$ cat input_31.tsv   # TSV, N, CA and C atoms
chain	number	residue	atom	x	y	z
R	9	MET	N	-10.68	7.21	34.15
R	9	MET	CA	-10.30	6.06	33.36
R	9	MET	C	-11.07	6.10	32.04
R	10	ILE	N	-10.39	5.84	30.97
R	10	ILE	CA	-11.00	5.82	29.65
R	10	ILE	C	-11.25	4.36	29.28
R	11	ILE	N	-12.49	4.07	28.89
R	11	ILE	CA	-12.82	2.66	28.70
R	11	ILE	C	-13.01	2.23	27.25
R	12	LEU	N	-13.06	3.18	26.31
R	12	LEU	CA	-13.23	2.78	24.92
R	12	LEU	C	-12.71	3.87	24.02
R	13	PHE	N	-12.14	3.48	22.91
R	13	PHE	CA	-11.68	4.46	21.93
R	13	PHE	C	-11.99	3.92	20.56
R	14	SER	N	-12.53	4.78	19.72
R	14	SER	CA	-12.74	4.34	18.34
R	14	SER	C	-12.55	5.49	17.39
R	15	ALA	N	-11.88	5.22	16.31
R	15	ALA	CA	-11.79	6.18	15.20
R	15	ALA	C	-12.67	5.57	14.13
R	16	SER	N	-13.81	6.15	13.91
R	16	SER	CA	-14.79	5.58	12.99
R	16	SER	C	-14.33	5.70	11.55
R	17	SER	N	-14.85	4.83	10.71
R	17	SER	CA	-14.51	4.91	9.30
R	17	SER	C	-15.10	6.17	8.70
R	18	PHE	N	-14.57	6.59	7.58
R	18	PHE	CA	-14.95	7.86	6.96
R	18	PHE	C	-16.45	8.02	6.80
R	19	ALA	N	-17.12	7.02	6.31
R	19	ALA	CA	-18.52	7.19	5.91
R	19	ALA	C	-19.52	6.87	7.01
R	20	GLN	N	-19.11	6.28	8.09
R	20	GLN	CA	-20.08	5.82	9.07
R	20	GLN	C	-20.85	6.93	9.76
R	21	GLU	N	-20.18	7.97	10.23
R	21	GLU	CA	-20.85	8.92	11.09
R	21	GLU	C	-20.81	10.36	10.58
R	22	THR	N	-20.20	10.60	9.46
R	22	THR	CA	-20.13	11.96	8.96
R	22	THR	C	-20.52	11.98	7.49
R	23	ASN	N	-20.57	13.14	6.94
R	23	ASN	CA	-20.89	13.29	5.53
R	23	ASN	C	-19.66	13.19	4.66
R	24	CYS	N	-18.56	12.69	5.19
R	24	CYS	CA	-17.34	12.67	4.42
R	24	CYS	C	-17.42	11.71	3.24
R	25	GLU	N	-18.44	10.86	3.21
R	25	GLU	CA	-18.65	10.03	2.02
R	25	GLU	C	-18.71	10.93	0.78
R	26	ASN	N	-19.23	12.14	0.96
R	26	ASN	CA	-19.31	13.09	-0.14
R	26	ASN	C	-17.92	13.40	-0.71
R	27	SER	N	-16.90	13.35	0.11
R	27	SER	CA	-15.56	13.61	-0.37
R	27	SER	C	-15.18	12.62	-1.47
R	28	PHE	N	-15.62	11.39	-1.32
R	28	PHE	CA	-15.30	10.38	-2.31
R	28	PHE	C	-16.21	10.48	-3.53
R	29	VAL	N	-17.40	10.98	-3.36
R	29	VAL	CA	-18.34	11.09	-4.46
R	29	VAL	C	-17.91	12.17	-5.44
R	30	ILE	N	-17.32	13.25	-4.95
R	30	ILE	CA	-16.98	14.37	-5.83
R	30	ILE	C	-15.69	14.16	-6.60
R	31	VAL	N	-14.97	13.10	-6.30
R	31	VAL	CA	-13.75	12.80	-7.05
R	31	VAL	C	-13.86	11.41	-7.66
R	32	GLU	N	-13.34	11.27	-8.84
R	32	GLU	CA	-13.38	9.97	-9.50
R	32	GLU	C	-12.47	8.96	-8.82
R	33	ASP	N	-11.28	9.41	-8.40
R	33	ASP	CA	-10.32	8.53	-7.75
R	33	ASP	C	-9.86	9.16	-6.46
R	34	VAL	N	-10.06	8.44	-5.36
R	34	VAL	CA	-9.67	8.95	-4.04
R	34	VAL	C	-8.15	8.98	-3.94
R	35	PRO	N	-7.63	9.80	-3.01
R	35	PRO	CA	-6.18	9.75	-2.76
R	35	PRO	C	-5.79	8.32	-2.37
R	36	ILE	N	-4.58	7.96	-2.70
R	36	ILE	CA	-4.11	6.61	-2.37
R	36	ILE	C	-3.11	6.68	-1.22
R	37	TYR	N	-3.52	6.12	-0.09
R	37	TYR	CA	-2.70	6.04	1.11
R	37	TYR	C	-1.53	5.08	0.87
R	38	PRO	N	-0.35	5.38	1.41
R	38	PRO	CA	0.77	4.45	1.25
R	38	PRO	C	0.40	3.04	1.70
R	39	GLY	N	0.68	2.08	0.85
R	39	GLY	CA	0.36	0.69	1.14
R	39	GLY	C	-0.98	0.25	0.58
R	40	CYS	N	-1.77	1.18	0.07
R	40	CYS	CA	-3.08	0.84	-0.48
R	40	CYS	C	-3.08	0.81	-2.01
R	41	HIS	N	-1.96	1.16	-2.63
R	41	HIS	CA	-1.91	1.25	-4.09
R	41	HIS	C	-2.05	-0.10	-4.78
R	42	MET	N	-1.82	-1.18	-4.06
R	42	MET	CA	-1.91	-2.51	-4.66
R	42	MET	C	-3.34	-3.04	-4.66
R	43	LYS	N	-4.26	-2.33	-4.04
R	43	LYS	CA	-5.65	-2.78	-4.01
R	43	LYS	C	-6.23	-2.73	-5.42
R	44	LYS	N	-7.16	-3.65	-5.71
R	44	LYS	CA	-7.64	-3.85	-7.07
R	44	LYS	C	-8.56	-2.76	-7.61
R	45	ASN	N	-9.38	-2.19	-6.73
R	45	ASN	CA	-10.36	-1.22	-7.24
R	45	ASN	C	-10.54	-0.05	-6.29
R	46	LYS	N	-11.35	0.90	-6.69
R	46	LYS	CA	-11.56	2.13	-5.91
R	46	LYS	C	-12.13	1.83	-4.53
R	47	THR	N	-13.07	0.93	-4.46
R	47	THR	CA	-13.70	0.61	-3.17
R	47	THR	C	-12.67	0.01	-2.22
R	48	GLU	N	-11.85	-0.90	-2.69
R	48	GLU	CA	-10.82	-1.50	-1.85
R	48	GLU	C	-9.79	-0.47	-1.40
R	49	ARG	N	-9.41	0.45	-2.30
R	49	ARG	CA	-8.45	1.50	-1.94
R	49	ARG	C	-9.06	2.44	-0.90
R	50	LYS	N	-10.33	2.79	-1.07
R	50	LYS	CA	-11.03	3.65	-0.12
R	50	LYS	C	-11.09	2.98	1.25
R	51	ASN	N	-11.48	1.71	1.29
R	51	ASN	CA	-11.56	0.98	2.55
R	51	ASN	C	-10.19	0.83	3.20
R	52	CYS	N	-9.17	0.59	2.40
R	52	CYS	CA	-7.80	0.47	2.91
R	52	CYS	C	-7.38	1.78	3.57
R	53	MET	N	-7.64	2.90	2.89
R	53	MET	CA	-7.27	4.21	3.44
R	53	MET	C	-8.00	4.46	4.74
R	54	SER	N	-9.28	4.18	4.78
R	54	SER	CA	-10.09	4.38	5.98
R	54	SER	C	-9.53	3.56	7.15
R	55	THR	N	-9.22	2.31	6.88
R	55	THR	CA	-8.68	1.43	7.92
R	55	THR	C	-7.33	1.92	8.42
R	56	LYS	N	-6.45	2.29	7.50
R	56	LYS	CA	-5.11	2.73	7.89
R	56	LYS	C	-5.16	4.03	8.70
R	57	ILE	N	-5.99	4.97	8.30
R	57	ILE	CA	-6.09	6.22	9.06
R	57	ILE	C	-6.71	5.96	10.43
R	58	SER	N	-7.72	5.12	10.49
R	58	SER	CA	-8.33	4.78	11.79
R	58	SER	C	-7.32	4.13	12.72
R	59	LYS	N	-6.52	3.22	12.19
R	59	LYS	CA	-5.49	2.56	13.01
R	59	LYS	C	-4.44	3.56	13.49
R	60	LEU	N	-4.03	4.47	12.62
R	60	LEU	CA	-3.05	5.48	13.00
R	60	LEU	C	-3.60	6.34	14.14
R	61	ILE	N	-4.83	6.78	14.00
R	61	ILE	CA	-5.44	7.61	15.04
R	61	ILE	C	-5.55	6.82	16.34
R	62	SER	N	-5.99	5.59	16.28
R	62	SER	CA	-6.13	4.76	17.47
R	62	SER	C	-4.80	4.55	18.19
R	63	ARG	N	-3.73	4.40	17.42
R	63	ARG	CA	-2.39	4.18	18.01
R	63	ARG	C	-1.78	5.46	18.56
R	64	LYS	N	-1.98	6.57	17.87
R	64	LYS	CA	-1.23	7.78	18.18
R	64	LYS	C	-1.97	8.79	19.06
R	65	PHE	N	-3.31	8.74	19.09
R	65	PHE	CA	-4.06	9.73	19.86
R	65	PHE	C	-3.92	9.42	21.35
R	66	ASN	N	-3.47	10.39	22.12
R	66	ASN	CA	-3.25	10.22	23.55
R	66	ASN	C	-4.55	10.48	24.30
R	67	VAL	N	-5.37	9.44	24.46
R	67	VAL	CA	-6.65	9.59	25.14
R	67	VAL	C	-6.48	9.87	26.63
R	68	LYS	N	-5.31	9.57	27.18
R	68	LYS	CA	-5.07	9.82	28.61
R	68	LYS	C	-5.10	11.31	28.93
R	69	LEU	N	-4.95	12.15	27.91
R	69	LEU	CA	-5.09	13.59	28.11
R	69	LEU	C	-6.42	13.94	28.76
R	70	ALA	N	-7.45	13.21	28.42
R	70	ALA	CA	-8.80	13.50	28.91
R	70	ALA	C	-8.94	13.28	30.41
R	71	ASP	N	-8.05	12.47	31.00
R	71	ASP	CA	-8.13	12.18	32.43
R	71	ASP	C	-8.05	13.44	33.29
R	72	ASN	N	-7.27	14.41	32.91
R	72	ASN	CA	-7.01	15.57	33.74
R	72	ASN	C	-7.67	16.85	33.24
R	73	LEU	N	-8.67	16.74	32.40
R	73	LEU	CA	-9.29	17.93	31.82
R	73	LEU	C	-10.61	18.30	32.48
R	74	GLY	N	-11.05	17.50	33.42
R	74	GLY	CA	-12.30	17.79	34.11
R	74	GLY	C	-13.54	17.58	33.26
R	75	LEU	N	-13.43	16.74	32.25
R	75	LEU	CA	-14.59	16.46	31.41
R	75	LEU	C	-15.53	15.51	32.15
R	76	PRO	N	-16.83	15.65	31.93
R	76	PRO	CA	-17.78	14.74	32.59
R	76	PRO	C	-17.70	13.34	32.02
R	77	ASN	N	-18.14	12.37	32.82
R	77	ASN	CA	-18.20	10.98	32.34
R	77	ASN	C	-19.11	10.89	31.13
R	78	GLY	N	-18.78	9.97	30.25
R	78	GLY	CA	-19.62	9.74	29.09
R	78	GLY	C	-18.85	9.84	27.80
R	79	LEU	N	-19.59	9.93	26.72
R	79	LEU	CA	-19.02	9.95	25.39
R	79	LEU	C	-18.34	11.29	25.10
R	80	VAL	N	-17.13	11.22	24.59
R	80	VAL	CA	-16.40	12.40	24.12
R	80	VAL	C	-16.30	12.26	22.61
R	81	LYS	N	-16.78	13.27	21.91
R	81	LYS	CA	-16.74	13.26	20.45
R	81	LYS	C	-15.81	14.34	19.94
R	82	ILE	N	-14.95	13.94	19.03
R	82	ILE	CA	-14.03	14.87	18.36
R	82	ILE	C	-14.19	14.61	16.87
R	83	VAL	N	-14.23	15.66	16.09
R	83	VAL	CA	-14.27	15.48	14.64
R	83	VAL	C	-13.01	16.11	14.05
R	84	LEU	N	-12.23	15.29	13.38
R	84	LEU	CA	-11.01	15.75	12.73
R	84	LEU	C	-11.36	16.24	11.32
R	85	HIS	N	-10.82	17.39	10.95
R	85	HIS	CA	-11.02	17.94	9.61
R	85	HIS	C	-9.66	18.18	8.97
R	86	PHE	N	-9.54	17.80	7.72
R	86	PHE	CA	-8.30	18.08	6.99
R	86	PHE	C	-8.59	17.95	5.50
R	87	LYS	N	-7.62	18.36	4.72
R	87	LYS	CA	-7.70	18.20	3.27
R	87	LYS	C	-6.44	17.50	2.81
R	88	ILE	N	-6.57	16.78	1.71
R	88	ILE	CA	-5.40	16.23	1.03
R	88	ILE	C	-5.27	17.03	-0.25
R	89	ASN	N	-4.15	17.75	-0.36
R	89	ASN	CA	-4.00	18.67	-1.50
R	89	ASN	C	-3.58	17.95	-2.78
R	90	LYS	N	-3.34	18.74	-3.82
R	90	LYS	CA	-3.00	18.20	-5.15
R	90	LYS	C	-1.66	17.48	-5.18
R	91	LYS	N	-0.85	17.67	-4.13
R	91	LYS	CA	0.43	16.98	-4.03
R	91	LYS	C	0.33	15.73	-3.15
R	92	GLY	N	-0.86	15.47	-2.58
R	92	GLY	CA	-1.03	14.33	-1.69
R	92	GLY	C	-0.66	14.62	-0.25
R	93	GLU	N	-0.50	15.90	0.08
R	93	GLU	CA	-0.10	16.30	1.43
R	93	GLU	C	-1.31	16.69	2.27
R	94	ILE	N	-1.20	16.46	3.57
R	94	ILE	CA	-2.26	16.85	4.51
R	94	ILE	C	-2.12	18.35	4.76
R	95	ILE	N	-3.24	19.08	4.59
R	95	ILE	CA	-3.26	20.52	4.84
R	95	ILE	C	-4.52	20.87	5.63
R	96	ASP	N	-4.54	22.08	6.15
R	96	ASP	CA	-5.71	22.63	6.84
R	96	ASP	C	-6.22	21.71	7.95
R	97	ALA	N	-5.32	21.17	8.75
R	97	ALA	CA	-5.70	20.30	9.87
R	97	ALA	C	-6.43	21.11	10.93
R	98	ASP	N	-7.55	20.59	11.38
R	98	ASP	CA	-8.32	21.24	12.45
R	98	ASP	C	-9.19	20.17	13.10
R	99	ALA	N	-9.82	20.54	14.22
R	99	ALA	CA	-10.68	19.59	14.92
R	99	ALA	C	-11.71	20.33	15.75
R	100	ASP	N	-12.86	19.71	15.88
R	100	ASP	CA	-13.89	20.16	16.80
R	100	ASP	C	-13.79	19.24	18.01
R	101	ALA	N	-13.51	19.81	19.18
R	101	ALA	CA	-13.32	19.00	20.38
R	101	ALA	C	-13.87	19.77	21.59
R	102	PRO	N	-14.22	19.06	22.65
R	102	PRO	CA	-14.79	19.72	23.82
R	102	PRO	C	-13.77	20.44	24.71
R	103	HIS	N	-12.49	20.34	24.37
R	103	HIS	CA	-11.45	21.01	25.16
R	103	HIS	C	-10.29	21.36	24.24
R	104	ARG	N	-9.65	22.48	24.52
R	104	ARG	CA	-8.52	22.96	23.71
R	104	ARG	C	-7.40	21.92	23.62
R	105	LYS	N	-7.08	21.26	24.71
R	105	LYS	CA	-5.99	20.27	24.70
R	105	LYS	C	-6.33	19.08	23.78
R	106	LEU	N	-7.59	18.68	23.76
R	106	LEU	CA	-7.99	17.58	22.87
R	106	LEU	C	-7.93	18.03	21.41
R	107	ARG	N	-8.29	19.28	21.17
R	107	ARG	CA	-8.19	19.83	19.81
R	107	ARG	C	-6.74	19.83	19.36
R	108	GLU	N	-5.84	20.29	20.22
R	108	GLU	CA	-4.41	20.32	19.89
R	108	GLU	C	-3.88	18.92	19.62
R	109	GLU	N	-4.30	17.95	20.43
R	109	GLU	CA	-3.86	16.56	20.23
R	109	GLU	C	-4.39	16.02	18.91
R	110	ALA	N	-5.63	16.33	18.59
R	110	ALA	CA	-6.22	15.87	17.34
R	110	ALA	C	-5.45	16.42	16.14
R	111	ILE	N	-5.12	17.69	16.19
R	111	ILE	CA	-4.36	18.31	15.10
R	111	ILE	C	-2.97	17.68	15.00
R	112	ARG	N	-2.33	17.40	16.13
R	112	ARG	CA	-1.02	16.75	16.12
R	112	ARG	C	-1.10	15.41	15.41
R	113	VAL	N	-2.15	14.64	15.70
R	113	VAL	CA	-2.30	13.31	15.11
R	113	VAL	C	-2.61	13.41	13.62
R	114	ILE	N	-3.45	14.36	13.23
R	114	ILE	CA	-3.75	14.54	11.80
R	114	ILE	C	-2.46	14.76	11.02
R	115	LYS	N	-1.56	15.54	11.59
R	115	LYS	CA	-0.31	15.85	10.91
R	115	LYS	C	0.62	14.65	10.78
R	116	LEU	N	0.30	13.55	11.47
R	116	LEU	CA	1.09	12.31	11.35
R	116	LEU	C	0.67	11.47	10.15
R	117	ILE	N	-0.47	11.80	9.55
R	117	ILE	CA	-0.91	11.06	8.37
R	117	ILE	C	0.12	11.28	7.26
R	118	PRO	N	0.63	10.21	6.68
R	118	PRO	CA	1.69	10.38	5.68
R	118	PRO	C	1.18	10.97	4.36
R	119	LYS	N	2.12	11.44	3.57
R	119	LYS	CA	1.81	11.92	2.23
R	119	LYS	C	1.24	10.76	1.42
R	120	MET	N	0.23	11.03	0.66
R	120	MET	CA	-0.43	10.00	-0.15
R	120	MET	C	0.48	9.59	-1.32
R	121	LYS	N	0.30	8.35	-1.76
R	121	LYS	CA	1.02	7.86	-2.94
R	121	LYS	C	0.57	8.61	-4.19
R	122	ARG	N	-0.71	9.00	-4.17
R	122	ARG	CA	-1.28	9.76	-5.27
R	122	ARG	C	-2.42	10.60	-4.71
R	123	PRO	N	-2.54	11.85	-5.15
R	123	PRO	CA	-3.65	12.69	-4.66
R	123	PRO	C	-4.98	12.23	-5.26
R	124	GLY	N	-6.06	12.84	-4.81
R	124	GLY	CA	-7.35	12.59	-5.42
R	124	GLY	C	-7.33	13.07	-6.86
R	125	MET	N	-8.05	12.38	-7.72
R	125	MET	CA	-8.07	12.73	-9.14
R	125	MET	C	-9.52	12.87	-9.60
R	126	HIS	N	-9.75	13.88	-10.42
R	126	HIS	CA	-11.07	14.06	-11.02
R	126	HIS	C	-10.88	14.52	-12.45
R	127	ARG	N	-11.44	13.76	-13.36
R	127	ARG	CA	-11.31	14.02	-14.80
R	127	ARG	C	-9.85	14.17	-15.23
R	128	GLY	N	-9.02	13.30	-14.65
R	128	GLY	CA	-7.62	13.26	-15.03
R	128	GLY	C	-6.74	14.31	-14.38
R	129	GLN	N	-7.28	15.12	-13.50
R	129	GLN	CA	-6.49	16.17	-12.86
R	129	GLN	C	-6.45	15.95	-11.34
R	130	ALA	N	-5.31	16.27	-10.75
R	130	ALA	CA	-5.19	16.20	-9.30
R	130	ALA	C	-6.08	17.27	-8.67
R	131	VAL	N	-6.77	16.90	-7.58
R	131	VAL	CA	-7.65	17.83	-6.88
R	131	VAL	C	-7.44	17.73	-5.38
R	132	THR	N	-7.81	18.79	-4.68
R	132	THR	CA	-7.79	18.79	-3.22
R	132	THR	C	-9.08	18.14	-2.73
R	133	VAL	N	-8.95	17.23	-1.75
R	133	VAL	CA	-10.11	16.48	-1.25
R	133	VAL	C	-10.26	16.73	0.25
R	134	PRO	N	-11.43	17.21	0.69
R	134	PRO	CA	-11.68	17.42	2.12
R	134	PRO	C	-12.11	16.12	2.81
R	135	PHE	N	-11.74	15.99	4.08
R	135	PHE	CA	-12.13	14.84	4.88
R	135	PHE	C	-12.58	15.28	6.26
R	136	ALA	N	-13.46	14.49	6.86
R	136	ALA	CA	-13.85	14.64	8.25
R	136	ALA	C	-13.92	13.24	8.84
R	137	ILE	N	-13.30	13.07	9.99
R	137	ILE	CA	-13.26	11.76	10.63
R	137	ILE	C	-13.69	11.91	12.09
R	138	PRO	N	-14.74	11.21	12.50
R	138	PRO	CA	-15.14	11.27	13.90
R	138	PRO	C	-14.26	10.36	14.76
R	139	VAL	N	-13.94	10.83	15.96
R	139	VAL	CA	-13.20	10.05	16.93
R	139	VAL	C	-14.02	10.08	18.20
R	140	ASN	N	-14.32	8.91	18.76
R	140	ASN	CA	-15.15	8.82	19.97
R	140	ASN	C	-14.44	8.00	21.02
R	141	PHE	N	-14.55	8.45	22.26
R	141	PHE	CA	-14.12	7.61	23.37
R	141	PHE	C	-14.98	7.93	24.58
R	142	TYR	N	-14.99	7.01	25.54
R	142	TYR	CA	-15.80	7.16	26.74
R	142	TYR	C	-14.92	7.43	27.94
R	143	ILE	N	-15.38	8.30	28.78
R	143	ILE	CA	-14.71	8.56	30.06
R	143	ILE	C	-15.59	7.97	31.15
R	144	ASP	N	-15.00	7.17	32.01
R	144	ASP	CA	-15.72	6.57	33.13
R	144	ASP	C	-14.79	6.64	34.34
R	145	SER	N	-14.99	7.65	35.16
R	145	SER	CA	-14.12	7.84	36.35
R	145	SER	C	-14.53	6.95	37.49
$ encode --input "input_31.tsv" --output "C-alpha cells"
Amino acid sequence: MIILFSASSFAQETNCENSFVIVEDVPIYPGCHMKKNKTERKNCMSTKISKLISRKFNVKLADNLGLPNGLVKIVLHFKINKKGEIIDADADAPHRKLREEAIRVIKLIPKMKRPGMHRGQAVTVPFAIPVNFYIDS
C-alpha cells in the first residue's frame, strides 16, 4: 500500500533553482502567461508540473516491484528546448519500471507558451524534479 505521494517544487530539494538563475526569463507553462512577474510565473509552472505528476504518475506500479517499505525517491530530468518542447526525458529511480513510468509522465508535460529566454534569445533550460512516495505494506 502506498501512503503518500509528493512531487516537490523545483527548488525545494534539488539544485534546479540554478536552472532559473542562468536564464533571465523562465519558460512559460500554458496557463501561466497571465502571471504578473517572473516569480509568479516560476511558481505557477512549478505548481502545474507538480500537479500533473501527482495526477498522472502511477504509484501503484510500486506495489508489485518488491521494493522495501519506506521512502522511494525518483528524480525526473528533462530540458525545455528553444521551441518550448520537452526533450531529453530521463529519471533516476530504484527500479526500471518506475524509471519508465517517470519518463512517460515527463513526456506529458505540454509545450511551453514561450521557451526560456536569456539576453533576448531563446535557450534550452535543464530541469530536475524530485518525486517522493512512501511504501507501507
$ atom_distance --input "input_31.tsv" --atom1 "atom C of Ile57 in chain R" --atom2 "atom C of Asp71 in chain R"
24.1 Å
$ atom_distance --input "input_31.tsv" --atom1 "atom C of Cys40 in chain R" --atom2 "atom C of Ile95 in chain R"
21.5 Å
$ select_by_dssp --input "input_31.tsv" --residues "chain R" --states "alpha helix (DSSP H)" --output "ChimeraX atom specification"
/R:18-21,25-29,46-64,104-114
$ closest_residue --input "input_31.tsv" --among "R:Met120, R:Met42, R:Val131, R:Ile82" --to "Arg107 in chain R" --atoms "only N, CA and C atoms"
R:Ile82
$ select_by_dssp --input "input_31.tsv" --residues "range 70-122 of chain R" --states "strand (DSSP E or B)" --output "list in words"
Gly78, Leu79, Val80, Lys81, Ile82, Val83, Leu84, His85, Phe86, Lys87, Ile88, Ile94, Ile95, Asp96, Ala97, Asp98, Ala99, Asp100 and Arg122 of chain R
$ closest_residue --input "input_31.tsv" --among "R:Lys121, R:Arg112, R:Lys43, R:Lys105" --to "Lys64 in chain R" --atoms "only N, CA and C atoms"
R:Arg112
$ closest_residue --input "input_31.tsv" --among "R:Lys44, R:Lys115, R:Lys59, R:Lys81" --to "Pro102 in chain R" --atoms "all atoms listed in the file"
R:Lys81
$ residues_around --input "input_31.tsv" --residues "Asn89 in chain R" --least-positions-apart "3" --cutoff "7 Å" --atoms "only N, CA and C atoms" --output "list in words"
Gly92, Glu93, Ile94, Ile95, Pro123, Gly124, Ala130, Val131, Thr132 and Val133 of chain R
$ closest_residue --input "input_31.tsv" --among "R:Asn77, R:Pro35, R:His85, R:Lys119" --to "Ala99 in chain R" --atoms "only N, CA and C atoms"
R:His85
$ atom_distance --input "input_31.tsv" --atom1 "CA of Arg127 in chain R" --atom2 "atom N of Glu32 in chain R"
6.9 Å
$ closest_residue --input "input_31.tsv" --among "R:Val83, R:Thr55, R:Ser62, R:Val67" --to "Phe135 in chain R" --atoms "all atoms listed in the file"
R:Val83
